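Trainee: Contents of target_31.pdb (PDB, C-alpha atoms, pLDDT in the B column) are given next:
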```pdb
ATOM      1  CA  MET A   1     203.415 -48.990 105.642  1.00 32.00           C
ATOM      2  CA  ALA A   2     204.342 -46.554 108.379  1.00 37.00           C
ATOM      3  CA  ASN A   3     205.120 -42.912 107.730  1.00 35.00           C
ATOM      4  CA  ILE A   4     208.698 -41.755 108.214  1.00 36.00           C
ATOM      5  CA  MET A   5     209.253 -38.774 110.535  1.00 35.00           C
ATOM      6  CA  GLN A   6     212.018 -36.357 109.626  1.00 38.00           C
ATOM      7  CA  ASN A   7     212.513 -32.781 110.857  1.00 37.00           C
ATOM      8  CA  ASN A   8     209.016 -32.713 112.397  1.00 39.00           C
ATOM      9  CA  SER A   9     207.318 -33.350 109.034  1.00 44.00           C
ATOM     10  CA  VAL A  10     205.664 -36.481 107.745  1.00 47.00           C
ATOM     11  CA  LEU A  11     207.073 -37.973 104.565  1.00 50.00           C
ATOM     12  CA  ALA A  12     204.779 -40.164 102.518  1.00 48.00           C
ATOM     13  CA  SER A  13     206.114 -43.573 101.628  1.00 51.00           C
ATOM     14  CA  THR A  14     203.421 -44.582  99.113  1.00 52.00           C
ATOM     15  CA  GLN A  15     200.806 -42.955  96.876  1.00 53.00           C
ATOM     16  CA  ILE A  16     198.170 -44.103  99.364  1.00 53.00           C
ATOM     17  CA  ASN A  17     199.970 -42.237 102.135  1.00 59.00           C
ATOM     18  CA  LEU A  18     200.139 -39.136  99.929  1.00 54.00           C
ATOM     19  CA  ALA A  19     196.371 -39.278  99.549  1.00 56.00           C
ATOM     20  CA  GLU A  20     195.989 -39.517 103.318  1.00 63.00           C
ATOM     21  CA  LEU A  21     198.143 -36.387 103.704  1.00 58.00           C
ATOM     22  CA  GLY A  22     195.753 -34.277 101.650  1.00 62.00           C
ATOM     23  CA  LEU A  23     194.390 -35.061  98.214  1.00 64.00           C
ATOM     24  CA  ASP A  24     193.197 -31.484  97.793  1.00 71.00           C
ATOM     25  CA  GLN A  25     196.335 -29.932  99.268  1.00 82.00           C
ATOM     26  CA  LEU A  26     199.309 -31.348  97.399  1.00 84.00           C
ATOM     27  CA  ALA A  27     200.500 -32.565  94.043  1.00 89.00           C
ATOM     28  CA  TYR A  28     203.678 -34.335  93.087  1.00 88.00           C
ATOM     29  CA  VAL A  29     206.007 -33.854  90.152  1.00 91.00           C
ATOM     30  CA  ARG A  30     208.196 -36.419  88.476  1.00 91.00           C
ATOM     31  CA  SER A  31     210.220 -36.669  85.323  1.00 92.00           C
ATOM     32  CA  SER A  32     208.337 -38.512  82.573  1.00 92.00           C
ATOM     33  CA  VAL A  33     208.359 -39.157  78.841  1.00 94.00           C
ATOM     34  CA  ILE A  34     205.164 -38.294  76.957  1.00 89.00           C
ATOM     35  CA  ASP A  35     205.013 -38.652  73.157  1.00 92.00           C
ATOM     36  CA  ASN A  36     208.792 -39.203  73.092  1.00 95.00           C
ATOM     37  CA  GLN A  37     209.449 -35.896  74.887  1.00 94.00           C
ATOM     38  CA  GLN A  38     210.968 -35.427  78.335  1.00 95.00           C
ATOM     39  CA  VAL A  39     208.457 -33.557  80.546  1.00 95.00           C
ATOM     40  CA  TRP A  40     207.629 -33.021  84.199  1.00 94.00           C
ATOM     41  CA  SER A  41     204.338 -34.755  84.889  1.00 93.00           C
ATOM     42  CA  ILE A  42     202.039 -33.448  87.609  1.00 93.00           C
ATOM     43  CA  HIS A  43     199.968 -35.906  89.650  1.00 91.00           C
ATOM     44  CA  ASN A  44     197.415 -35.482  92.415  1.00 86.00           C
ATOM     45  CA  ALA A  45     198.058 -37.133  95.759  1.00 79.00           C
ATOM     46  CA  ALA A  46     196.231 -40.290  94.692  1.00 79.00           C
ATOM     47  CA  GLY A  47     198.594 -40.665  91.731  1.00 83.00           C
ATOM     48  CA  ALA A  48     196.255 -39.591  88.920  1.00 87.00           C
ATOM     49  CA  PRO A  49     197.978 -37.480  86.259  1.00 91.00           C
ATOM     50  CA  VAL A  50     196.585 -33.936  86.115  1.00 91.00           C
ATOM     51  CA  GLY A  51     199.055 -32.170  83.825  1.00 93.00           C
ATOM     52  CA  ALA A  52     202.555 -31.843  82.459  1.00 95.00           C
ATOM     53  CA  ALA A  53     205.073 -29.094  81.801  1.00 96.00           C
ATOM     54  CA  PRO A  54     208.289 -28.887  79.783  1.00 96.00           C
ATOM     55  CA  THR A  55     210.330 -27.737  82.801  1.00 95.00           C
ATOM     56  CA  ARG A  56     210.307 -28.495  86.501  1.00 93.00           C
ATOM     57  CA  GLU A  57     209.903 -24.794  87.276  1.00 94.00           C
ATOM     58  CA  GLN A  58     206.785 -24.546  85.098  1.00 96.00           C
ATOM     59  CA  ALA A  59     205.324 -27.653  86.750  1.00 94.00           C
ATOM     60  CA  VAL A  60     205.900 -26.153  90.204  1.00 93.00           C
ATOM     61  CA  GLY A  61     204.392 -22.863  89.020  1.00 95.00           C
ATOM     62  CA  ALA A  62     201.255 -24.632  87.825  1.00 94.00           C
ATOM     63  CA  ILE A  63     200.916 -26.426  91.158  1.00 92.00           C
ATOM     64  CA  LEU A  64     201.355 -23.212  93.121  1.00 93.00           C
ATOM     65  CA  GLN A  65     198.819 -21.379  90.924  1.00 94.00           C
ATOM     66  CA  HIS A  66     196.259 -23.943  92.060  1.00 90.00           C
ATOM     67  CA  ASN A  67     197.137 -23.356  95.730  1.00 89.00           C
ATOM     68  CA  LEU A  68     198.668 -26.815  96.144  1.00 88.00           C
ATOM     69  CA  THR A  69     201.932 -27.824  97.801  1.00 86.00           C
ATOM     70  CA  PRO A  70     204.462 -29.342  95.368  1.00 87.00           C
ATOM     71  CA  HIS A  71     206.399 -32.517  96.174  1.00 83.00           C
ATOM     72  CA  PHE A  72     208.962 -34.314  94.032  1.00 76.00           C
ATOM     73  CA  VAL A  73     209.428 -38.031  93.405  1.00 75.00           C
ATOM     74  CA  ASN A  74     211.856 -40.040  91.260  1.00 68.00           C
TER
END
```
Please go through the file and, once you have read it, give me the structure as structure tokens.

Mentor:
Amino acid sequence: MANIMQNNSVLASTQINLAELGLDQLAYVRSSVIDNQQVWSIHNAAGAPVGAAPTREQAVGAILQHNLTPHFVN
């Protein structure tokens, strides 16, 4: 699947494309339910879960603390 160009930045269209953009450079956040609780799950670029936080802001903070670039998916 081809990447989509928008505002001079590459947007990933699949988890595989995210991995190609930089497995060690970015993580993505999405709303999830874990143990019947709404959380923001954190995933590496390949799609593997690496953590979770009760709020989106805390999830972004955790990503930034690890020197990664946060991205959001539905």

Trainee: Leaving out A:Thr69 and any residue of its chain fewer than 4 positions from it, which residues lie within 7 Å of it when counting all atoms listed in the file, given as a compact mmCIF listing (two decimals) with C-alpha atoms, keeping the file's coordinate frame?

Mentor:
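Output below, filename out27.txt:
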```
# COMPACT_ATOMS: atom_id res chain seq x y z
CA GLN A 25 196.34 -29.93 99.27
CA LEU A 26 199.31 -31.35 97.40
CA ALA A 27 200.50 -32.56 94.04
CA ILE A 63 200.92 -26.43 91.16
CA LEU A 64 201.36 -23.21 93.12
```

Trainee: A:Gln37: which residues within 12 Å, counting only C-alpha atoms, same-chain residues fewer than 2 positions away excluded, as a ChimeraX atom specification?

Mentor: /A:31-35,39-41,52-55

Trainee: Considering all atoms listed in the file, can you say which of A:Tyr28, A:Gln65, A:Phe72, A:Gln58 comes closest to A:Asn44?

Mentor: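 Distance minimum relative to A:Asn44 lands on A:Tyr28.
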
Trainee: Which distance in Å separates atom CA of A:Ala45 and atom CA of A:Val73, to one decimal?

Mentor: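 One can read the atom CA of A:Ala45 to atom CA of A:Val73 distance as 11.6 Å.
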
Trainee: Report as a list in words all protein, DNA and RNA residues lying within 8 Å of A:Val60, evaluated on all atoms listed in the file, omitting residues in the same chain fewer than 4 positions from it.

Mentor: Val29, Arg56, Leu64 and Pro70 of chain A

Trainee: So the first atom is atom CA of A:Leu68 and the second is atom CA of A:Pro49; what is the distance between them in Å, to one decimal place?

Mentor: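 Distance between the two atoms: 14.6 Å.
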
Trainee: Extending 3 Å beyond the listed atoms of stretch 31-48 of chain A on each side, what axis-aligned box results? I want centre and edge lengths in Å to one decimal, as AutoDock Vina command-line options.

Mentor:
```
--center_x 203.6 --center_y -36.8 --center_z 84.4 --size_x 20.7 --size_y 13.6 --size_z 28.7
```
